[in-house]
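These notes are about the structure you will find just below.
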Amino acid sequence: MALSLIGELLFKLAIFITIGYVLRKKNLINDDFQNRLGKVILSIVMPSAIIASGNEKKSGLQQSDFFWCLLIVSVYYIVSLLIFSRIAKFLPLDLQRQKLFTNLVVFSNVGMIGFPITQQLYGSQGLLIAVLYNLVFYIFMYSIGIGRLRKQKVTLKKYLITPINIALIITMILFFSPIELPTFISSTLKQLGDMSGPLSMFVVGSTLAKIPFRDVINSKWSYLITVLRQFILPLLMAIILWFLGFRGVMPAVCVLLTATPTATMNLILAEQYGHDVSFATKATVHGNIMMLLTLPLILLLLSILFF
């Protein structure tokens with residue numbers, strides 16, 4: 001069941017990427033349009049997705065799972081960002097690619113890929129843990145992740161007052177309080193947020209149209225990023241959590257979401273902040289292809305360690 005679900009997700013991603021590819025080849029998307037689309041994703045679509053995630057019902061989440069998930073994911077991001085930002089400095093990459101390399105390794109595709117698999121395998125309890133994981137992902141991705149890619153220094157006020165940061169504040173209020181948005185508002189935000197996956201993949205396909213596919217397959221950096229992102233990091237997390245005595249759905253979901261391919265948003269941010277978009281595109285496409293091999297192995301490991 002898990003393998004067929006992964007195949008279905010990969011098929012959907014391939015369709016979205018192909019649409020973006022064809023639109024670029026037909027000149028219906030150019031560099032200016034792609035850049036503007038990226039801004040729409042960052043200023044409207046992603047803030048909507050963030051707020052919608054904070055409005056999810058938390059009644060099925062045990063307090064201990066809530067606390068430990070928050071702690072585990074936060075520690076993961078802090079430690080992995082510190083380690084890989086150091087490692088990247090010793091790689092034969094320019095400074096921009098070093099920063100992008102770290103983001104590509106650390107930040108995974110929690111929402112579009114992680115959520116459907118989690119819900120299918122672990123039900124509503126697993127999905128609630130995934131929502132909490134995603135909240136921590138948003139906090140780190142859109143603070144430290146973006147901050148690392150900025151080329152120009154900005155004032156603290158300009159850095160903090162952005163659509164995504166405002167959405168994060170609203171989301172934390174919603175998530176950590178009994179407040180819930182009216183259904184018509186939350187459903188509208190969710191529909192807007194659901195556009196992030198297809199639109200991001202359009203950008204991937206559009207960028208891929210400018211890169212020979214053999215460059216994706218032959219990219220040594222893409223292989224390294226994929227192995228670290230989708231095998232080494234989740235394997236280390238799984239072993240550590242097992243040794244610490246964690247069992248059940250919560251640690252399994254944390255490891256599963258850590259094992260998904262690199263976040264497509266890395267590509268959007270690379271374009272918005274003037275980094276090597278082709279470098280990010282190769283890693284993104286390569287990771288999604290290799291997911292058919294890496295995710296079943298991780299799921300087998302989870303069944304052995306946590307259940």
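Here, A, B, ... name the chains of the structure tokens in the order displayed, residue numbers run from 1 inside each chain, and ligands are numbered from 1 in the same displayed order.
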### Spatial neighbours of A:Gly114, max dist 9 Å, only C-alpha atoms, sep filter under 2 positions, as a PyMOL selection string
chain A and resi 108-112+116-119+130+253+256-260
Hey, could you make a per-residue contact list for stretch 115-151 of chain A against stretch 168-175 of chain A with 12 Å as the cut-off, showing the nearest pair of atoms and its distance in Å to one decimal, counting only C-alpha atoms, sorted by chain and number, as CSV?
residue,atom,partner,partner_atom,distance
A:Leu128,CA,A:Phe175,CA,11.1
A:Val131,CA,A:Phe175,CA,9.8
A:Leu132,CA,A:Phe175,CA,8.7
A:Asn134,CA,A:Thr171,CA,11.3
A:Leu135,CA,A:Thr171,CA,8.1
A:Val136,CA,A:Leu168,CA,9.9
A:Phe137,CA,A:Leu168,CA,10.8
A:Tyr138,CA,A:Leu168,CA,7.5
A:Ile139,CA,A:Leu168,CA,6.9
A:Phe140,CA,A:Leu168,CA,10.6
A:Met141,CA,A:Leu168,CA,11.1
A:Tyr142,CA,A:Leu168,CA,9.0
A:Ser143,CA,A:Leu168,CA,10.1
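Here the question is which of A:Ala49, A:Leu208, A:Val227, A:Ile72 gets nearest to A:Leu192 using only C-alpha atoms, and that residue is A:Ala49.
Computed from the coordinates, the atom CA of A:Leu224 to atom CA of A:Ser303 distance equals 26.0 Å.
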### Message
Would you pick out the contacts of stretch 26-38 of chain A at 10 Å or less, using only C-alpha atoms, so that residues sharing its chain but fewer than 2 positions from it are not included, and give the list as an MDAnalysis selection string?
### Response
chainID A and resid 20:24 40:43 45 196 199:200 202:204 206:207 265 267:272
### Top pick for closest residue to A:Leu127, considering A:Leu81, A:Ala252, A:Ile44, A:Leu297 and counting only C-alpha atoms
A:Ala252
### Query
With distances taken over only C-alpha atoms, which of A:Gln96, A:Ile289, A:Ser278, A:Pro182 is nearest to A:Ala209?
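Of all the options, A:Ser278 lies closest to A:Ala209.
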### Task
Pull the alpha helix (DSSP H) assignments for stretch 20-150 of chain A out of DSSP run on the backbone, and list those residues as a ChimeraX atom specification.
/A:20-25,31-40,46-54,63-88,95-106,115-140,146-149
Keeping only C-alpha atoms, take the residues you just selected and write them out as an mmCIF file, in the first residue's frame.
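Saved file again-v1.cif follows:
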data_model
loop_
_atom_site.group_PDB
_atom_site.id
_atom_site.type_symbol
_atom_site.label_atom_id
_atom_site.label_comp_id
_atom_site.auth_asym_id
_atom_site.auth_seq_id
_atom_site.Cartn_x
_atom_site.Cartn_y
_atom_site.Cartn_z
ATOM 1 C CA GLY A 20 5.613 23.564 -16.174
ATOM 2 C CA TYR A 21 8.103 22.100 -18.647
ATOM 3 C CA VAL A 22 5.665 22.335 -21.581
ATOM 4 C CA LEU A 23 4.552 25.852 -20.637
ATOM 5 C CA ARG A 24 8.188 27.004 -20.715
ATOM 6 C CA LYS A 25 8.871 25.266 -24.036
ATOM 7 C CA ASP A 31 11.870 34.205 -16.529
ATOM 8 C CA ASP A 32 9.844 37.271 -15.533
ATOM 9 C CA PHE A 33 6.600 35.302 -15.161
ATOM 10 C CA GLN A 34 8.378 32.579 -13.191
ATOM 11 C CA ASN A 35 9.879 35.158 -10.841
ATOM 12 C CA ARG A 36 6.486 36.799 -10.293
ATOM 13 C CA LEU A 37 4.892 33.406 -9.701
ATOM 14 C CA GLY A 38 7.482 32.753 -7.016
ATOM 15 C CA LYS A 39 6.543 36.022 -5.322
ATOM 16 C CA VAL A 40 2.850 35.069 -5.400
ATOM 17 C CA MET A 46 2.380 29.930 1.541
ATOM 18 C CA PRO A 47 1.015 32.315 4.228
ATOM 19 C CA SER A 48 -2.432 30.830 3.559
ATOM 20 C CA ALA A 49 -1.067 27.288 3.922
ATOM 21 C CA ILE A 50 0.706 28.214 7.160
ATOM 22 C CA ILE A 51 -2.396 29.736 8.785
ATOM 23 C CA ALA A 52 -4.577 26.829 7.624
ATOM 24 C CA SER A 53 -2.205 24.340 9.285
ATOM 25 C CA GLY A 54 -2.528 26.137 12.623
ATOM 26 C CA GLN A 63 0.299 16.212 25.631
ATOM 27 C CA SER A 64 3.441 14.072 25.813
ATOM 28 C CA ASP A 65 3.477 13.515 22.027
ATOM 29 C CA PHE A 66 2.876 17.228 21.517
ATOM 30 C CA PHE A 67 5.846 18.177 23.709
ATOM 31 C CA TRP A 68 8.270 15.539 22.436
ATOM 32 C CA CYS A 69 7.487 16.153 18.767
ATOM 33 C CA LEU A 70 8.056 19.874 19.219
ATOM 34 C CA LEU A 71 11.365 19.222 20.983
ATOM 35 C CA ILE A 72 12.602 16.512 18.601
ATOM 36 C CA VAL A 73 11.933 18.503 15.437
ATOM 37 C CA SER A 74 13.380 21.728 16.889
ATOM 38 C CA VAL A 75 16.566 19.931 17.965
ATOM 39 C CA TYR A 76 16.789 18.294 14.536
ATOM 40 C CA TYR A 77 16.705 21.640 12.728
ATOM 41 C CA ILE A 78 19.108 23.376 15.095
ATOM 42 C CA VAL A 79 21.686 20.568 15.057
ATOM 43 C CA SER A 80 21.455 19.777 11.336
ATOM 44 C CA LEU A 81 21.696 23.440 10.317
ATOM 45 C CA LEU A 82 24.773 23.913 12.498
ATOM 46 C CA ILE A 83 26.474 20.732 11.282
ATOM 47 C CA PHE A 84 25.783 21.084 7.559
ATOM 48 C CA SER A 85 26.564 24.792 7.431
ATOM 49 C CA ARG A 86 29.998 23.800 8.795
ATOM 50 C CA ILE A 87 30.400 20.842 6.443
ATOM 51 C CA ALA A 88 29.403 22.955 3.425
ATOM 52 C CA LEU A 95 29.477 30.572 -0.990
ATOM 53 C CA GLN A 96 26.006 30.781 -2.568
ATOM 54 C CA ARG A 97 25.934 27.064 -3.375
ATOM 55 C CA GLN A 98 27.224 26.233 0.104
ATOM 56 C CA LYS A 99 24.231 27.999 1.657
ATOM 57 C CA LEU A 100 21.840 26.411 -0.813
ATOM 58 C CA PHE A 101 23.402 22.979 -0.240
ATOM 59 C CA THR A 102 22.692 23.225 3.495
ATOM 60 C CA ASN A 103 19.058 24.224 2.942
ATOM 61 C CA LEU A 104 18.532 21.458 0.385
ATOM 62 C CA VAL A 105 19.870 18.847 2.806
ATOM 63 C CA VAL A 106 18.070 20.067 5.935
ATOM 64 C CA PHE A 115 1.065 14.519 4.741
ATOM 65 C CA PRO A 116 -0.646 12.003 2.389
ATOM 66 C CA ILE A 117 1.721 9.167 3.333
ATOM 67 C CA THR A 118 1.412 9.931 7.050
ATOM 68 C CA GLN A 119 -2.386 9.998 6.925
ATOM 69 C CA GLN A 120 -2.528 6.751 4.954
ATOM 70 C CA LEU A 121 -0.168 4.885 7.286
ATOM 71 C CA TYR A 122 -0.877 6.385 10.710
ATOM 72 C CA GLY A 123 -4.356 7.905 10.467
ATOM 73 C CA SER A 124 -5.597 11.044 12.211
ATOM 74 C CA GLN A 125 -3.121 10.781 15.097
ATOM 75 C CA GLY A 126 -0.203 10.653 12.680
ATOM 76 C CA LEU A 127 -1.580 13.581 10.718
ATOM 77 C CA LEU A 128 -1.825 15.727 13.868
ATOM 78 C CA ILE A 129 1.834 15.033 14.616
ATOM 79 C CA ALA A 130 2.651 15.895 10.994
ATOM 80 C CA VAL A 131 0.864 19.246 11.393
ATOM 81 C CA LEU A 132 2.991 20.046 14.447
ATOM 82 C CA TYR A 133 6.167 18.980 12.609
ATOM 83 C CA ASN A 134 5.121 21.211 9.723
ATOM 84 C CA LEU A 135 4.652 24.172 12.053
ATOM 85 C CA VAL A 136 8.243 23.830 13.299
ATOM 86 C CA PHE A 137 9.386 23.430 9.680
ATOM 87 C CA TYR A 138 7.711 26.717 8.754
ATOM 88 C CA ILE A 139 9.339 28.540 11.674
ATOM 89 C CA PHE A 140 12.867 27.416 10.757
ATOM 90 C CA ILE A 146 15.484 32.554 4.244
ATOM 91 C CA GLY A 147 17.991 34.505 6.330
ATOM 92 C CA ARG A 148 20.821 32.307 5.040
ATOM 93 C CA LEU A 149 19.908 33.048 1.417
#
### Task
Pick out the closest residue to A:Leu301 from this set: A:Ile113, A:Val255, A:Ala283, A:Ile166. Count only C-alpha atoms.
A:Val255
### Query
Could you pull the residues within 8 Å of A:Phe307, counting only C-alpha atoms, minus those fewer than 4 positions along the same chain, as a ChimeraX atom specification?
/A:247-248,302-303
